[in-house]
Amino acid sequence: MPLSIRRDDLLPGRNFIGRWCEAQLGRRFDVADPATDTVFASVPDSGEDDARAALEAAHAAFTAWRAVPARQRAQILKRWNDLIVAHQEDLGRLISREQGKPLAEGRGEVAYAASYVEWFAEEATRANGDVIPAPVVGRRMFALKEPVGVVAAITPWNFPAAMIARKIAPALAAGCTVVCKPAEDTPLTSLALVKLAEEAGVPPGVLNIVTASRERAAEVVDVWLDDPRVRKISFTGSTPVGKHLARRSADTLKKLSLELGGNAPFIVFDDADIDAAVEGLMAAKFRNGGQTCVSPNRVYVQAGVHDTFADKLAERVAALKVGPASDAGSQIGPMINARAVDKIERHVRDAVDRGARILVGGQRLPAVGRNYFAPTVLIGADTTMACACEETFGPVVPVTRFETEAEVVAAANATPYGLAAYFYSRDVKRIWRVAEALEAGLVGINEGALAAEAAPFGGVKESGYGREGSIHGLDEYMHLKYLCQGQL
Ligand code: SIN
């Protein structure tokens, strides 16, 4: 497929552990294009020895890196940001090739990733501590912020550049060193970003990356989970895996940031601007084909506007163009793999079996390719359906009619998850009531596009803990040390 890149050396195809290297046992695994299922690259299939070597390198580099003045670390991150921006086209093509998202979204993700690097370049110089008024004469008290140590970053496939950037940039800014395992479906973008970090002047050992297949991923990660020298795990992915990481790292009491699954409600009240709500839903739901953890999973529309909203939504969804990233007009790409399409199909079948009606879509698109599913609108969805309880992670909108505010807030919160929630209303009192009542880490009010480098990103309940981005993101990679000086 012609999504070629200009700089071939952005595809090193090897691990980076102080230098570019193969897996110690020489194994490799294939990377396939989700648009066609054809293999177009391979990367090291690392195991325990590689994970340990990466950890040794990160541990050895920590003392020197934490001592580098914050301004100098910031300058390196600034150069990394500039290189990412300068290679936006190549990186965007790489993302689209291995992940499948339309090229405009691939390019957009590069800008989004760079925004975190730039943000944390600036935040690096603001890791201020406190001077605390002493309760007695002759004493001085201070709180200093220090880097936690070696960080293990475990990143997902849906945003292969942005999720790496939003973990590694604050870690390096704080003075931590990093071992990273990217998702097996999308290792190439991560390797390209590490190549640019090397060019930006990140010293050897400070940022290490090892790739591993689905079969060997646990072998790599377990080495880091069990080793007391890893002081922090930052993970984006599913709730079951997040719980496993929390349990397994409990023996060494690591600090954790877990950005886990969601089941976002999207509520449209009778008093909403309906056209704005339809546009907000289109933006939030169909970004990355619905493969986004903040993607609306359940759409609740109040009875008075239900039919109008559903008709307008159906018209917009029916017009979406599905196709590979190599087609300039594509708006919805392939799903990441066949398992993802199987799950989406199961959710749609289950909803129909339980009484939902398909307004648009509802089926696979084999004429386009094995991993494609038609953008779908279902009406008559209810809480018994799998699509209301599990994250579908695909282009399916199940719409549920509701009558009262109290009923919809209760329904929205009736889930173990609490990442994002959205609602549309023009009533200022309701806006504050509902925003405060929703159990979610992020709430979009008359807005479908939430995330920004300056905003805290993260969930409540079983969507995890910790925040990425914002002025709080750096603290996740630091601890406070209290100094008390007496006899003054
Ligand atoms: C995610 O899906 O994990 C991240 C989405 C975002 O940053 O908006």
# chains A, B, ... in the order shown; residues from 1 in each chain; ligands from 1
$ residues_around --residues "A:Gln24" --least-positions-apart "4" --cutoff "8 Å" --atoms "only C-alpha atoms" --output "tab-separated table (two decimals) with N, CA, C and O atoms, in the first residue's frame"
chain	number	residue	atom	x	y	z
A	46	SER	N	11.03	-9.74	21.85
A	46	SER	CA	11.92	-9.73	23.02
A	46	SER	C	11.39	-10.64	24.11
A	46	SER	O	10.20	-10.95	24.16
A	49	ASP	N	15.38	-11.68	28.92
A	49	ASP	CA	16.74	-11.14	28.92
A	49	ASP	C	16.77	-9.70	28.41
A	49	ASP	O	17.53	-8.86	28.92
A	50	ASP	N	15.96	-9.46	27.39
A	50	ASP	CA	15.93	-8.11	26.82
A	50	ASP	C	15.30	-7.12	27.82
A	50	ASP	O	15.77	-5.99	27.97
$ residues_near_ligand --ligand "ligand 1" --cutoff "10 Å" --atoms "only C-alpha atoms and all ligand atoms" --output "PyMOL selection string"
chain A and resi 109+112-113+155-160+162-163+166+235-238+259-262+284+287-288+290-295+393+420+449-453+457-458+468-469
$ residues_around --residues "stretch 245-250 of chain A" --least-positions-apart "6" --cutoff "9 Å" --atoms "only C-alpha atoms" --output "ChimeraX atom specification"
/A:221-222,224-228,233,235,256,258
$ select_by_dssp --residues "stretch 144-282 of chain A" --states "strand (DSSP E)" --output "ChimeraX atom specification"
/A:144-147,150-154,177-181,207-209,230-236,255-259,264-268
$ select_by_dssp --residues "stretch 267-391 of chain A" --states "alpha helix (DSSP H)" --output "number ranges by chain"
A: 274-286, 306-318, 338-353, 386-389
$ residues_around --residues "stretch 328-337 of chain A" --least-positions-apart "4" --cutoff "7 Å" --atoms "only C-alpha atoms" --output "PDB file with C-alpha atoms, in the first residue's frame"
ATOM      1  CA  PRO A  34      -4.867  -3.748   9.340  1.00  0.00           C
ATOM      2  CA  ALA A  35      -6.311  -2.413   6.056  1.00  0.00           C
ATOM      3  CA  GLN A  99      -2.870   1.367  13.056  1.00  0.00           C
ATOM      4  CA  GLY A 100      -5.252   2.012  10.154  1.00  0.00           C
ATOM      5  CA  LYS A 101      -6.649   5.448  11.035  1.00  0.00           C
ATOM      6  CA  PRO A 102      -7.274   7.910   8.156  1.00  0.00           C
ATOM      7  CA  GLY A 289     -13.336   4.602  14.165  1.00  0.00           C
ATOM      8  CA  LEU A 320     -19.351   8.446   6.414  1.00  0.00           C
ATOM      9  CA  LYS A 321     -16.814   7.079   3.970  1.00  0.00           C
ATOM     10  CA  VAL A 322     -15.163   3.831   5.035  1.00  0.00           C
ATOM     11  CA  GLY A 323     -11.864   2.783   3.522  1.00  0.00           C
ATOM     12  CA  PRO A 324      -8.114   2.422   3.927  1.00  0.00           C
ATOM     13  CA  VAL A 341     -14.434  -6.878  14.376  1.00  0.00           C
ATOM     14  CA  ASN A 371     -11.285  -5.760   9.296  1.00  0.00           C
ATOM     15  CA  TYR A 372     -13.974  -3.261   8.353  1.00  0.00           C
TER      16      TYR A 372
END
$ atom_distance --atom1 "atom CA of A:Pro182" --atom2 "atom CA of A:Ala338"
19.9 Å
$ closest_residue --among "A:Asn413, A:Ile84, A:Arg52, A:Tyr422" --to "A:Glu198" --atoms "only C-alpha atoms"
A:Ile84
$ closest_residue --among "A:Ile344, A:Val377, A:Val460, A:Ala303" --to "A:Arg401" --atoms "only C-alpha atoms"
A:Ala303
$ atom_distance --atom1 "atom CA of A:Ala161" --atom2 "atom CA of A:Asp90"
12.1 Å
